[in-house]
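S.K.: Contents of protein.txt (compact mmCIF, C-alpha atoms and all ligand atoms):
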```txt
# COMPACT_ATOMS: atom_id res chain seq x y z
CA MET A 901 -92.10 -69.03 -29.87
CA THR A 902 -88.85 -70.52 -31.12
CA ASP A 903 -87.78 -73.84 -29.61
CA ARG A 904 -84.05 -73.73 -29.16
CA ASP A 905 -81.90 -76.50 -27.74
CA TYR A 906 -80.34 -75.18 -24.53
CA GLY A 907 -78.91 -78.58 -23.70
CA VAL A 908 -81.25 -79.02 -20.71
CA PRO A 909 -84.95 -79.96 -20.35
CA LEU A 910 -87.33 -77.03 -19.74
CA THR A 911 -90.07 -76.88 -17.11
CA ALA A 912 -93.30 -74.92 -17.70
CA PRO A 913 -91.94 -71.82 -15.85
CA ASP A 914 -88.75 -72.06 -17.95
CA ARG A 915 -90.80 -72.07 -21.16
CA ALA A 916 -92.85 -69.10 -19.92
CA PHE A 917 -89.63 -67.25 -19.17
CA ARG A 918 -88.22 -68.10 -22.61
CA ASP A 919 -91.39 -66.78 -24.25
CA GLU A 920 -91.15 -63.57 -22.25
CA VAL A 921 -87.51 -63.05 -23.29
CA GLN A 922 -88.30 -63.75 -26.94
CA ARG A 923 -91.25 -61.32 -26.86
CA PHE A 924 -89.06 -58.69 -25.24
CA LEU A 925 -86.36 -59.12 -27.89
CA ALA A 926 -88.90 -58.95 -30.72
CA SER A 927 -90.16 -55.58 -29.51
CA ALA A 928 -87.12 -53.98 -27.80
CA LEU A 929 -84.20 -54.96 -30.05
CA THR A 930 -84.91 -52.34 -32.70
CA SER A 931 -82.53 -51.64 -35.58
CA ASP A 932 -81.06 -48.59 -33.81
CA ILE A 933 -79.77 -50.91 -31.06
CA GLY A 934 -78.32 -53.78 -33.11
CA PRO A 935 -74.73 -54.24 -34.33
CA SER A 936 -73.29 -51.37 -36.36
CA ALA A 937 -69.90 -50.12 -37.39
CA GLY A 938 -70.37 -46.69 -35.76
CA THR A 939 -67.98 -44.81 -33.52
CA GLU A 940 -67.06 -45.73 -29.94
CA ALA A 941 -69.51 -43.07 -28.72
CA ASP A 942 -72.29 -44.67 -30.81
CA ARG A 943 -71.46 -48.08 -29.37
CA LEU A 944 -71.60 -46.81 -25.79
CA ASP A 945 -74.85 -44.98 -26.49
CA ARG A 946 -76.42 -48.19 -27.83
CA MET A 947 -75.24 -50.11 -24.75
CA ARG A 948 -76.76 -47.46 -22.45
CA ARG A 949 -80.07 -47.53 -24.25
CA TRP A 950 -80.07 -51.32 -24.24
CA GLN A 951 -79.48 -51.40 -20.50
CA ARG A 952 -82.41 -49.01 -19.98
CA ARG A 953 -84.70 -51.23 -22.04
CA LEU A 954 -83.62 -54.34 -20.16
CA HIS A 955 -84.20 -52.51 -16.89
CA GLN A 956 -87.66 -51.31 -17.87
CA ALA A 957 -88.57 -54.92 -18.68
CA GLY A 958 -87.15 -56.17 -15.37
CA LEU A 959 -84.45 -58.11 -17.21
CA ALA A 960 -81.30 -56.15 -16.35
CA ALA A 961 -80.01 -58.54 -13.67
CA ILE A 962 -82.06 -61.70 -13.71
CA SER A 963 -79.66 -63.59 -11.42
CA TRP A 964 -80.07 -61.08 -8.56
CA PRO A 965 -82.62 -61.83 -5.85
CA GLU A 966 -86.05 -60.34 -6.49
CA GLU A 967 -85.83 -58.08 -3.42
CA TYR A 968 -82.96 -56.22 -5.11
CA GLY A 969 -84.62 -55.82 -8.49
CA GLY A 970 -83.60 -59.17 -10.00
CA ARG A 971 -85.63 -62.24 -10.89
CA SER A 972 -83.94 -64.87 -8.69
CA ALA A 973 -83.51 -66.71 -11.99
CA THR A 974 -82.65 -70.38 -11.90
CA PRO A 975 -79.47 -71.56 -13.66
CA VAL A 976 -81.59 -72.88 -16.53
CA GLN A 977 -83.29 -69.50 -16.92
CA GLN A 978 -79.88 -67.88 -17.01
CA LEU A 979 -78.85 -70.24 -19.79
CA ILE A 980 -82.05 -69.40 -21.66
CA PHE A 981 -81.49 -65.67 -21.25
CA THR A 982 -77.89 -65.84 -22.44
CA ALA A 983 -78.72 -68.06 -25.40
CA GLU A 984 -81.63 -65.88 -26.53
CA MET A 985 -79.59 -62.67 -26.24
CA ALA A 986 -76.80 -64.28 -28.26
CA ALA A 987 -79.13 -65.65 -30.93
CA ALA A 988 -80.70 -62.21 -31.35
CA ARG A 989 -77.23 -60.60 -31.41
CA ALA A 990 -78.24 -58.21 -28.65
CA PRO A 991 -75.53 -55.81 -27.47
CA GLU A 992 -74.13 -55.97 -23.98
CA PRO A 993 -75.67 -53.65 -21.41
CA ILE A 994 -73.35 -50.78 -20.48
CA ASN A 995 -73.01 -52.05 -16.91
CA ARG A 996 -72.53 -55.76 -17.62
CA SER A 997 -69.52 -56.11 -15.34
CA ALA A 998 -71.17 -54.25 -12.46
CA ILE A 999 -74.28 -56.42 -12.83
CA ASN A 1000 -72.16 -59.57 -12.77
CA GLN A 1001 -69.48 -58.60 -10.27
CA LEU A 1002 -70.04 -55.54 -8.11
CA GLY A 1003 -73.81 -55.94 -7.68
CA PRO A 1004 -73.54 -59.48 -6.24
CA THR A 1005 -70.65 -58.29 -4.04
CA ILE A 1006 -72.77 -55.42 -2.68
CA ILE A 1007 -75.65 -57.85 -2.10
CA GLN A 1008 -73.27 -60.13 -0.20
CA TRP A 1009 -71.30 -57.54 1.79
CA GLY A 1010 -73.11 -54.20 1.64
CA THR A 1011 -75.00 -52.41 4.41
CA PRO A 1012 -78.76 -51.93 3.86
CA GLU A 1013 -78.03 -48.29 2.98
CA GLN A 1014 -75.37 -49.24 0.42
CA ARG A 1015 -77.65 -51.79 -1.18
CA ALA A 1016 -80.55 -49.32 -1.33
CA HIS A 1017 -78.37 -46.62 -2.86
CA TYR A 1018 -76.13 -48.45 -5.31
CA LEU A 1019 -78.08 -51.45 -6.60
CA PRO A 1020 -80.92 -49.54 -8.33
CA ARG A 1021 -78.37 -47.22 -9.94
CA ILE A 1022 -76.46 -50.21 -11.34
CA LEU A 1023 -79.66 -51.67 -12.78
CA SER A 1024 -80.73 -48.43 -14.45
CA GLY A 1025 -77.22 -47.70 -15.76
CA GLU A 1026 -77.21 -44.39 -13.92
CA ASP A 1027 -73.91 -45.44 -12.38
CA VAL A 1028 -71.33 -47.14 -14.59
CA TRP A 1029 -68.54 -48.76 -12.60
CA CYS A 1030 -64.94 -49.71 -13.25
CA GLN A 1031 -62.65 -51.91 -11.20
CA GLY A 1032 -59.47 -50.47 -9.63
CA PHE A 1033 -57.64 -53.52 -8.32
CA SER A 1034 -54.43 -53.91 -10.39
CA GLU A 1035 -51.43 -51.66 -9.88
CA PRO A 1036 -48.14 -51.34 -11.78
CA ASP A 1037 -46.51 -53.71 -9.24
CA ALA A 1038 -49.55 -55.67 -8.14
CA GLY A 1039 -51.35 -57.85 -10.69
CA SER A 1040 -51.28 -61.59 -10.08
CA ASP A 1041 -49.82 -60.82 -6.69
CA LEU A 1042 -52.64 -58.41 -5.88
CA ALA A 1043 -51.96 -58.46 -2.13
CA SER A 1044 -48.77 -56.49 -2.71
CA LEU A 1045 -50.81 -53.41 -3.69
CA THR A 1046 -49.53 -50.11 -2.29
CA THR A 1047 -52.34 -47.60 -2.90
CA ARG A 1048 -53.19 -46.38 0.57
CA ALA A 1049 -56.22 -44.84 2.20
CA VAL A 1050 -55.60 -42.95 5.44
CA ILE A 1051 -58.48 -42.45 7.88
CA ASP A 1052 -59.08 -38.76 8.56
CA GLY A 1053 -62.19 -38.22 10.68
CA ASP A 1054 -65.12 -39.64 8.75
CA GLU A 1055 -63.20 -39.71 5.47
CA LEU A 1056 -60.50 -41.78 3.82
CA VAL A 1057 -57.73 -40.01 1.90
CA ILE A 1058 -56.55 -42.11 -1.05
CA THR A 1059 -53.11 -41.86 -2.66
CA GLY A 1060 -51.63 -44.23 -5.25
CA GLN A 1061 -52.07 -45.58 -8.77
CA LYS A 1062 -54.20 -48.20 -10.48
CA ILE A 1063 -53.61 -49.58 -13.98
CA TRP A 1064 -55.44 -51.60 -16.67
CA THR A 1065 -58.71 -50.16 -15.38
CA SER A 1066 -61.23 -51.20 -18.05
CA LYS A 1067 -64.06 -48.75 -18.78
CA ALA A 1068 -62.54 -45.98 -16.60
CA HIS A 1069 -62.75 -43.59 -19.57
CA TYR A 1070 -66.55 -43.73 -19.55
CA ALA A 1071 -67.42 -44.93 -16.03
CA ASN A 1072 -68.51 -42.47 -13.33
CA ARG A 1073 -67.59 -44.67 -10.36
CA ILE A 1074 -64.77 -46.96 -9.33
CA TYR A 1075 -64.51 -49.75 -6.77
CA LEU A 1076 -60.98 -50.17 -5.56
CA LEU A 1077 -58.69 -51.81 -3.05
CA ALA A 1078 -56.48 -49.69 -0.84
CA ARG A 1079 -54.24 -50.38 2.13
CA THR A 1080 -55.83 -48.94 5.27
CA ASP A 1081 -53.62 -50.68 7.84
CA PRO A 1082 -50.00 -50.57 6.62
CA GLY A 1083 -48.78 -52.48 9.68
CA ALA A 1084 -50.93 -55.56 9.02
CA ALA A 1085 -50.01 -58.65 7.00
CA PRO A 1086 -50.41 -58.06 3.23
CA ARG A 1087 -53.90 -59.57 2.95
CA GLU A 1088 -55.16 -58.19 6.24
CA GLY A 1089 -54.81 -54.43 6.05
CA ILE A 1090 -56.75 -53.82 2.83
CA SER A 1091 -60.19 -52.17 2.46
CA TYR A 1092 -62.65 -52.27 -0.43
CA LEU A 1093 -63.78 -48.75 -1.32
CA LEU A 1094 -66.47 -47.25 -3.52
CA ALA A 1095 -65.60 -43.87 -5.05
CA ASP A 1096 -66.98 -41.29 -7.42
CA LEU A 1097 -64.52 -40.80 -10.30
CA SER A 1098 -65.24 -37.06 -10.36
CA THR A 1099 -63.80 -36.71 -6.83
CA PRO A 1100 -61.03 -34.05 -6.80
CA GLY A 1101 -57.66 -35.82 -6.74
CA ILE A 1102 -58.67 -38.66 -9.12
CA GLU A 1103 -57.32 -38.56 -12.69
CA VAL A 1104 -58.00 -41.05 -15.50
CA ARG A 1105 -55.44 -41.47 -18.32
CA PRO A 1106 -56.42 -43.87 -21.14
CA ILE A 1107 -53.86 -46.42 -22.41
CA ARG A 1108 -53.67 -47.13 -26.18
CA GLN A 1109 -53.60 -50.90 -26.88
CA ILE A 1110 -52.08 -53.04 -29.64
CA SER A 1111 -55.54 -53.20 -31.30
CA GLY A 1112 -55.60 -49.39 -31.60
CA ASP A 1113 -58.40 -49.06 -29.03
CA ALA A 1114 -58.05 -47.50 -25.59
CA GLU A 1115 -60.35 -49.65 -23.49
CA PHE A 1116 -58.48 -49.34 -20.29
CA SER A 1117 -56.70 -46.60 -18.34
CA GLU A 1118 -54.35 -45.66 -15.59
CA VAL A 1119 -56.14 -44.09 -12.62
CA PHE A 1120 -54.19 -41.80 -10.31
CA PHE A 1121 -55.24 -40.90 -6.75
CA ASP A 1122 -53.65 -37.85 -5.19
CA GLY A 1123 -55.22 -37.18 -1.80
CA ALA A 1124 -58.73 -38.05 -3.04
CA ARG A 1125 -61.25 -37.99 -0.18
CA VAL A 1126 -64.13 -40.45 0.09
CA PRO A 1127 -66.56 -40.86 3.01
CA ILE A 1128 -65.69 -43.73 5.34
CA ASN A 1129 -69.24 -45.00 4.76
CA ASN A 1130 -68.03 -45.94 1.27
CA VAL A 1131 -66.08 -48.91 2.63
CA LEU A 1132 -67.77 -52.09 1.37
CA GLY A 1133 -67.61 -54.90 3.94
CA PRO A 1134 -65.53 -54.65 7.11
CA LEU A 1135 -62.73 -52.04 7.32
CA HIS A 1136 -59.30 -53.69 6.77
CA GLU A 1137 -60.99 -56.91 5.56
CA GLY A 1138 -61.42 -55.95 1.93
CA TRP A 1139 -59.41 -58.95 0.74
CA ARG A 1140 -62.33 -61.24 1.59
CA VAL A 1141 -64.72 -58.91 -0.21
CA ALA A 1142 -62.43 -58.74 -3.26
CA LYS A 1143 -62.30 -62.53 -3.45
CA SER A 1144 -66.08 -62.53 -3.91
CA THR A 1145 -65.80 -60.03 -6.76
CA LEU A 1146 -62.99 -61.96 -8.45
CA GLY A 1147 -64.99 -65.18 -8.28
CA TYR A 1148 -68.01 -63.51 -9.86
CA GLU A 1149 -65.72 -61.96 -12.47
CA ARG A 1150 -64.38 -65.34 -13.56
CA VAL A 1151 -67.89 -66.68 -13.95
CA GLY A 1152 -68.75 -63.61 -16.04
CA GLN A 1153 -65.85 -64.34 -18.37
CA SER A 1154 -67.38 -67.60 -19.51
CA ARG A 1155 -69.60 -65.92 -22.07
CA THR A 1156 -70.15 -68.91 -24.25
CA HIS A 1157 -72.25 -67.11 -26.84
CA ARG A 1158 -69.27 -65.06 -28.02
CA ILE A 1159 -67.31 -68.26 -28.51
CA GLU A 1160 -70.23 -69.98 -30.23
CA ARG A 1161 -70.44 -67.06 -32.64
CA ARG A 1162 -66.72 -67.28 -33.30
CA LEU A 1163 -67.06 -70.99 -34.02
CA ASP A 1164 -69.85 -70.24 -36.53
CA ILE A 1165 -67.60 -67.73 -38.30
CA LEU A 1166 -64.71 -70.21 -38.44
CA VAL A 1167 -66.99 -72.92 -39.85
CA ARG A 1168 -68.14 -70.52 -42.56
CA MET A 1169 -64.56 -69.48 -43.38
CA ALA A 1170 -63.41 -73.12 -43.47
CA GLY A 1171 -66.25 -74.10 -45.81
CA GLU A 1172 -65.05 -71.56 -48.38
CA PRO A 1173 -61.67 -71.67 -50.16
CA ASN A 1174 -59.14 -70.40 -47.64
CA ALA A 1175 -55.43 -70.03 -47.07
CA LEU A 1176 -55.13 -73.47 -45.48
CA SER A 1177 -57.06 -75.54 -48.01
CA ASP A 1178 -59.47 -75.43 -50.94
CA ARG A 1179 -61.01 -78.77 -49.93
CA GLY A 1180 -63.27 -77.29 -47.25
CA PHE A 1181 -64.19 -79.77 -44.51
CA GLN A 1182 -62.60 -82.62 -46.51
CA ASP A 1183 -59.26 -81.26 -45.36
CA SER A 1184 -58.38 -83.28 -42.27
CA TYR A 1185 -56.25 -80.51 -40.68
CA VAL A 1186 -59.10 -78.00 -40.93
CA ALA A 1187 -61.77 -80.52 -39.89
CA ASP A 1188 -59.69 -81.69 -36.93
CA HIS A 1189 -59.38 -78.13 -35.61
CA LEU A 1190 -63.07 -77.40 -35.97
CA VAL A 1191 -64.11 -80.63 -34.25
CA ARG A 1192 -61.77 -79.94 -31.35
CA PHE A 1193 -63.12 -76.39 -31.02
CA ALA A 1194 -66.71 -77.66 -31.12
CA ALA A 1195 -66.00 -80.24 -28.39
CA GLN A 1196 -64.36 -77.59 -26.22
CA VAL A 1197 -67.27 -75.18 -26.75
CA GLU A 1198 -69.63 -77.90 -25.52
CA ALA A 1199 -67.44 -78.60 -22.48
CA LEU A 1200 -67.38 -74.91 -21.75
CA ARG A 1201 -71.16 -74.68 -21.90
CA GLN A 1202 -71.39 -77.38 -19.24
CA ILE A 1203 -68.74 -75.87 -16.97
CA ALA A 1204 -70.23 -72.39 -17.34
CA ALA A 1205 -73.65 -73.75 -16.39
CA GLN A 1206 -72.21 -75.24 -13.20
CA ALA A 1207 -70.43 -72.01 -12.31
CA THR A 1208 -73.58 -70.02 -13.04
CA ALA A 1209 -75.54 -72.35 -10.79
CA ALA A 1210 -73.17 -71.66 -7.90
CA GLY A 1211 -73.57 -67.93 -8.39
CA VAL A 1212 -77.36 -68.18 -8.50
CA ARG A 1213 -77.40 -70.13 -5.23
CA GLY A 1214 -75.60 -67.15 -3.65
CA VAL A 1215 -72.49 -69.26 -3.16
CA SER A 1216 -69.28 -67.42 -3.98
CA PRO A 1217 -68.09 -69.20 -7.11
CA GLY A 1218 -65.27 -71.59 -6.36
CA PRO A 1219 -62.50 -73.11 -8.47
CA GLU A 1220 -65.07 -74.05 -11.13
CA ALA A 1221 -65.05 -70.37 -12.06
CA SER A 1222 -61.30 -70.66 -12.72
CA MET A 1223 -61.90 -73.61 -15.03
CA ALA A 1224 -64.51 -71.65 -16.95
CA LYS A 1225 -62.28 -68.59 -17.23
CA LEU A 1226 -59.21 -70.62 -18.27
CA LEU A 1227 -61.05 -72.60 -20.92
CA THR A 1228 -62.90 -69.58 -22.29
CA SER A 1229 -59.87 -67.37 -22.71
CA GLU A 1230 -57.59 -70.07 -24.14
CA LEU A 1231 -60.26 -71.29 -26.52
CA ASP A 1232 -61.12 -67.74 -27.57
CA GLN A 1233 -57.44 -67.11 -28.29
CA ALA A 1234 -56.90 -70.40 -30.14
CA MET A 1235 -59.94 -69.71 -32.33
CA ALA A 1236 -58.78 -66.19 -33.14
CA ASN A 1237 -55.37 -67.65 -34.12
CA PHE A 1238 -57.05 -70.23 -36.35
CA GLY A 1239 -59.12 -67.47 -37.99
CA LEU A 1240 -55.88 -65.78 -38.96
CA ASP A 1241 -54.50 -69.08 -40.31
CA LEU A 1242 -57.61 -69.53 -42.47
CA ALA A 1243 -57.46 -65.96 -43.73
CA GLY A 1244 -53.75 -66.11 -44.61
CA MET A 1245 -51.71 -62.96 -45.26
CA PRO A 1246 -54.68 -60.62 -45.97
CA GLY A 1247 -56.03 -61.59 -42.54
CA ALA A 1248 -53.38 -59.35 -41.02
CA LEU A 1249 -54.84 -56.28 -42.74
CA GLU A 1250 -56.64 -53.97 -40.37
CA ARG A 1251 -60.02 -52.26 -40.59
CA GLY A 1252 -60.12 -49.65 -43.30
CA SER A 1253 -57.83 -51.55 -45.66
CA PRO A 1254 -59.66 -52.40 -48.94
CA SER A 1255 -58.31 -55.99 -48.98
CA ALA A 1256 -58.97 -56.69 -45.31
CA ILE A 1257 -60.75 -59.98 -44.57
CA LYS A 1258 -64.13 -59.70 -42.83
CA GLY A 1259 -63.74 -55.93 -42.60
CA GLY A 1260 -60.50 -56.31 -40.64
CA ASN A 1261 -62.20 -58.30 -37.88
CA VAL A 1262 -59.83 -61.25 -38.27
CA ALA A 1263 -56.82 -59.06 -37.48
CA LYS A 1264 -58.72 -57.24 -34.75
CA SER A 1265 -59.79 -60.46 -33.01
CA TYR A 1266 -56.28 -61.81 -33.17
CA LEU A 1267 -54.87 -58.66 -31.52
CA VAL A 1268 -57.65 -58.24 -28.95
CA MET A 1269 -57.38 -61.88 -27.89
CA ARG A 1270 -53.73 -61.47 -26.86
CA ALA A 1271 -55.11 -59.97 -23.63
CA ALA A 1272 -57.69 -62.69 -22.98
CA THR A 1273 -55.30 -64.89 -21.02
CA PHE A 1274 -54.34 -61.96 -18.77
CA GLY A 1275 -57.54 -60.09 -17.89
CA ALA A 1276 -59.52 -61.40 -14.87
CA GLY A 1277 -56.48 -63.39 -13.73
CA THR A 1278 -53.85 -64.98 -15.97
CA SER A 1279 -53.98 -68.57 -17.21
CA GLU A 1280 -51.08 -69.51 -14.94
CA ILE A 1281 -52.95 -68.19 -11.92
CA GLN A 1282 -56.13 -70.06 -12.90
CA ARG A 1283 -54.05 -73.23 -13.26
CA ASN A 1284 -52.62 -72.65 -9.78
CA VAL A 1285 -56.15 -72.34 -8.36
CA ILE A 1286 -57.30 -75.50 -10.13
CA ALA A 1287 -54.17 -77.41 -9.08
CA GLU A 1288 -54.45 -76.41 -5.44
CA ARG A 1289 -58.18 -76.31 -4.83
CA LEU A 1290 -59.54 -78.94 -7.20
CA LEU A 1291 -56.66 -81.37 -7.54
CA GLY A 1292 -55.23 -80.93 -4.04
CA LEU A 1293 -51.67 -80.34 -5.26
CA PRO A 1294 -49.15 -78.49 -3.05
CA ARG A 1295 -49.62 -74.71 -2.77
CA ASP A 1296 -47.72 -72.23 -4.97
CA PRO A 1297 -45.07 -70.87 -2.56
C1 LIG A 1301 -58.00 -56.81 -21.12
C2 LIG A 1301 -57.65 -56.59 -19.69
C3 LIG A 1301 -58.53 -55.92 -18.88
C4 LIG A 1301 -58.21 -55.69 -17.54
N1 LIG A 1301 -59.09 -55.00 -16.76
C5 LIG A 1301 -58.79 -54.74 -15.47
C6 LIG A 1301 -59.66 -53.96 -14.67
O1 LIG A 1301 -60.71 -53.50 -15.11
N2 LIG A 1301 -59.31 -53.70 -13.39
C7 LIG A 1301 -58.16 -54.19 -12.85
O2 LIG A 1301 -57.93 -53.97 -11.67
N3 LIG A 1301 -57.28 -54.94 -13.59
C8 LIG A 1301 -57.58 -55.21 -14.89
N4 LIG A 1301 -56.70 -55.94 -15.66
C9 LIG A 1301 -55.44 -56.36 -15.10
C10 LIG A 1301 -55.32 -57.86 -14.88
O3 LIG A 1301 -56.07 -58.24 -13.76
C11 LIG A 1301 -53.82 -58.16 -14.73
O4 LIG A 1301 -53.21 -57.93 -15.98
C12 LIG A 1301 -53.56 -59.59 -14.30
O5 LIG A 1301 -54.01 -59.81 -12.99
C13 LIG A 1301 -52.07 -59.93 -14.38
O6 LIG A 1301 -51.32 -59.01 -13.70
P1 LIG A 1301 -50.04 -58.31 -14.38
O7 LIG A 1301 -50.50 -57.73 -15.68
O8 LIG A 1301 -49.46 -57.40 -13.37
O9 LIG A 1301 -49.06 -59.50 -14.72
P2 LIG A 1301 -48.09 -60.24 -13.69
O10 LIG A 1301 -48.84 -60.59 -12.45
O11 LIG A 1301 -46.85 -59.42 -13.53
O12 LIG A 1301 -47.76 -61.57 -14.48
C14 LIG A 1301 -46.76 -61.64 -15.51
C15 LIG A 1301 -46.62 -63.11 -15.93
O13 LIG A 1301 -46.14 -63.89 -14.81
C16 LIG A 1301 -47.03 -64.97 -14.56
N5 LIG A 1301 -47.14 -65.23 -13.11
C17 LIG A 1301 -47.30 -64.30 -12.14
N6 LIG A 1301 -47.40 -64.91 -10.93
C18 LIG A 1301 -47.33 -66.25 -11.16
C19 LIG A 1301 -47.37 -67.41 -10.33
N7 LIG A 1301 -47.54 -67.30 -9.00
N8 LIG A 1301 -47.26 -68.63 -10.90
C20 LIG A 1301 -47.11 -68.75 -12.26
N9 LIG A 1301 -47.04 -67.68 -13.10
C21 LIG A 1301 -47.16 -66.46 -12.56
C22 LIG A 1301 -48.37 -64.52 -15.09
O14 LIG A 1301 -49.23 -65.60 -15.37
C23 LIG A 1301 -47.95 -63.74 -16.33
O15 LIG A 1301 -47.75 -64.61 -17.42
C24 LIG A 1301 -56.99 -56.17 -17.01
C25 LIG A 1301 -56.10 -56.83 -17.84
C26 LIG A 1301 -56.40 -57.05 -19.16
C27 LIG A 1301 -55.43 -57.78 -20.02
```
Kindly return the structure encoded in the file as structure tokens.
M.R.:
Amino acid sequence: MTDRDYGVPLTAPDRAFRDEVQRFLASALTSDIGPSAGTEADRLDRMRRWQRRLHQAGLAAISWPEEYGGRSATPVQQLIFTAEMAAARAPEPINRSAINQLGPTIIQWGTPEQRAHYLPRILSGEDVWCQGFSEPDAGSDLASLTTRAVIDGDELVITGQKIWTSKAHYANRIYLLARTDPGAAPREGISYLLADLSTPGIEVRPIRQISGDAEFSEVFFDGARVPINNVLGPLHEGWRVAKSTLGYERVGQSRTHRIERRLDILVRMAGEPNALSDRGFQDSYVADHLVRFAAQVEALRQIAAQATAAGVRGVSPGPEASMAKLLTSELDQAMANFGLDLAGMPGALERGSPSAIKGGNVAKSYLVMRAATFGAGTSEIQRNVIAERLLGLPRDP
């Protein structure tokens, strides 16, 4: 089995786990699953099949406790798993965000019935979830959300609008926040609901992005009825439940392997003649950038490991998750910008253009990364969290 440097010493159980993951990848990551330039439908199909294979091998959600179908993996085992998946260039499972965010939230807050019903369906990929938190007038200031859910017997009737809902165009379920007690203080009258997207009264309208893709949508609720049993956590106390999800989400953003891969690509581009220099690494401007990126990638690996460790211990991730999210998104964006600098003018050409650099991926990364410092909480909001909760500075009014 391949010995890779994960940056931490391995115990015998860690090595056994690494061997198991490597064996799984050698047999399960067949050529029909690997990277390809197919259509969006092909990509989703590969992600679904990959999730099924992970699930069959008991590897779909290794951080979850064993009693819920996970492996109770240690932080080191999580690092091993992530590094091996990245090295093999495995696709993401279709339900990655539900595995990282909603699943742990259901484990933390769900009733036994909710856990028994939803968790296995997340693992198998039978249910694919999207997150309906943001609204046109409630993003950073999420507590100002106005979607409401009125109790009517044993149902809740939902009316309002969500926006920027990633994956809604292929998900079958949505978890959302709605105001159930309009008279309460903004953070106190909110409930966390689980809904089937095919419920009458729910409509999904995809939004076209600057990159040309439509990865997120508006979701409209017009008198959609969901059973009151679909409230996750206490009624009217969904803010506390949502904070768990948001913490897990920030941890999930620190996907270091994507950044490591980007660094590899930049190093290759810098080593060849490029728009900035034909002296390769001898050029101090180019070398300086790469060294800074490499140092930040290493810092990120350490921070991400700490945040992962908190999640594995069942502790809601704290401000460390904000550090990981902030560093990941800003680094990702800075590296995409530098890729465009290295590529020069042809770097701006999009996929399909004969002169495009790296098949148009340089332009695509640059455009896609504009959103990185917004999704999962903006950089300014992460800085507020770090300032207040780690540095003890006065609160943002
Ligand atoms: C790629 C992507 C995917 C997303 N996916 C989802 C999803 O699946 N589900 C979902 O619910 N949402 C999703 N979002 C929405 C995301 O959570 C919001 O965009 C984000 O919370 C910011 O909200 P906003 O867009 O309303 O911007 P605003 O909150 O209006 O912010 C505008 C600007 O003001 C700044 N600002 C706001 N408040 C403060 C403050 N107190 N101090 C300093 N600066 C401040 C912000 O940093 C920002 O620069 C996604 C967004 C993106 C970009």
S.K.: Mind dumping a table of every chain A residue within 9 Å of ligand LIG 1301 (chain A), with the nearest atom pair and its distance in Å to one decimal, using all atoms listed in the file, sorted by chain and rising number, as CSV?
M.R.:
```
residue,atom,partner,partner_atom,distance
A:Cys1030,CA,A:LIG1301,O1,6.0
A:Gln1031,CA,A:LIG1301,N2,4.4
A:Gly1032,CA,A:LIG1301,O2,4.3
A:Phe1033,CA,A:LIG1301,O2,3.4
A:Ser1034,CA,A:LIG1301,O2,3.7
A:Glu1035,CA,A:LIG1301,O8,7.0
A:Pro1036,CA,A:LIG1301,O8,6.4
A:Asp1037,CA,A:LIG1301,O8,6.3
A:Ala1038,CA,A:LIG1301,O8,5.5
A:Gly1039,CA,A:LIG1301,O6,3.2
A:Ser1040,CA,A:LIG1301,O10,3.5
A:Asp1041,CA,A:LIG1301,O10,5.8
A:Leu1042,CA,A:LIG1301,O5,7.4
A:Lys1062,CA,A:LIG1301,O2,7.0
A:Ile1063,CA,A:LIG1301,N3,6.5
A:Trp1064,CA,A:LIG1301,C8,4.6
A:Thr1065,CA,A:LIG1301,O1,3.9
A:Ser1066,CA,A:LIG1301,O1,3.8
A:Lys1067,CA,A:LIG1301,O1,6.9
A:Ala1068,CA,A:LIG1301,O1,7.9
A:Leu1076,CA,A:LIG1301,O2,7.8
A:Leu1077,CA,A:LIG1301,O2,8.9
A:Glu1115,CA,A:LIG1301,C1,7.9
A:Phe1116,CA,A:LIG1301,N1,6.7
A:Ser1117,CA,A:LIG1301,O1,8.6
A:Val1268,CA,A:LIG1301,C1,8.0
A:Met1269,CA,A:LIG1301,C1,8.5
A:Arg1270,CA,A:LIG1301,C27,8.0
A:Ala1271,CA,A:LIG1301,C27,4.2
A:Ala1272,CA,A:LIG1301,C27,6.2
A:Thr1273,CA,A:LIG1301,C27,7.2
A:Phe1274,CA,A:LIG1301,C27,4.5
A:Gly1275,CA,A:LIG1301,C26,3.5
A:Ala1276,CA,A:LIG1301,O3,4.8
A:Gly1277,CA,A:LIG1301,O5,4.4
A:Thr1278,CA,A:LIG1301,O14,4.7
A:Ser1279,CA,A:LIG1301,O14,5.9
A:Glu1280,CA,A:LIG1301,O14,4.3
A:Ile1281,CA,A:LIG1301,O14,5.7
A:Gln1282,CA,A:LIG1301,O14,8.6
A:Arg1283,CA,A:LIG1301,C20,8.3
A:Asn1284,CA,A:LIG1301,N8,6.8
A:Asp1296,CA,A:LIG1301,N7,6.4
A:Pro1297,CA,A:LIG1301,N7,7.8
```
S.K.: Leaving out A:Ala916 and any residue of its chain fewer than 5 positions from it, which residues lie within 12 Å of it when counting only C-alpha atoms, given as a PyMOL selection string?
M.R.: chain A and resi 901-903+910-911+921-923+977+980-981
S.K.: Would you list the contacts of A:Arg904 as a list in words, taking every protein, DNA or RNA residue within 10 Å and counting all atoms listed in the file, but skipping same-chain residues closer than 4 positions in sequence?
M.R.: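 Surrounding residues, per the criterion: Arg918, Ile980, Ala983, Glu984 and Ala987 of chain A.
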S.K.: Taking only C-alpha atoms into account, which of A:Ala926, A:Ile1110, A:Ala1170, A:Pro1100 comes nearest A:Asp1188?
M.R.: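 Closest residue, counting only C-alpha atoms: A:Ala1170.
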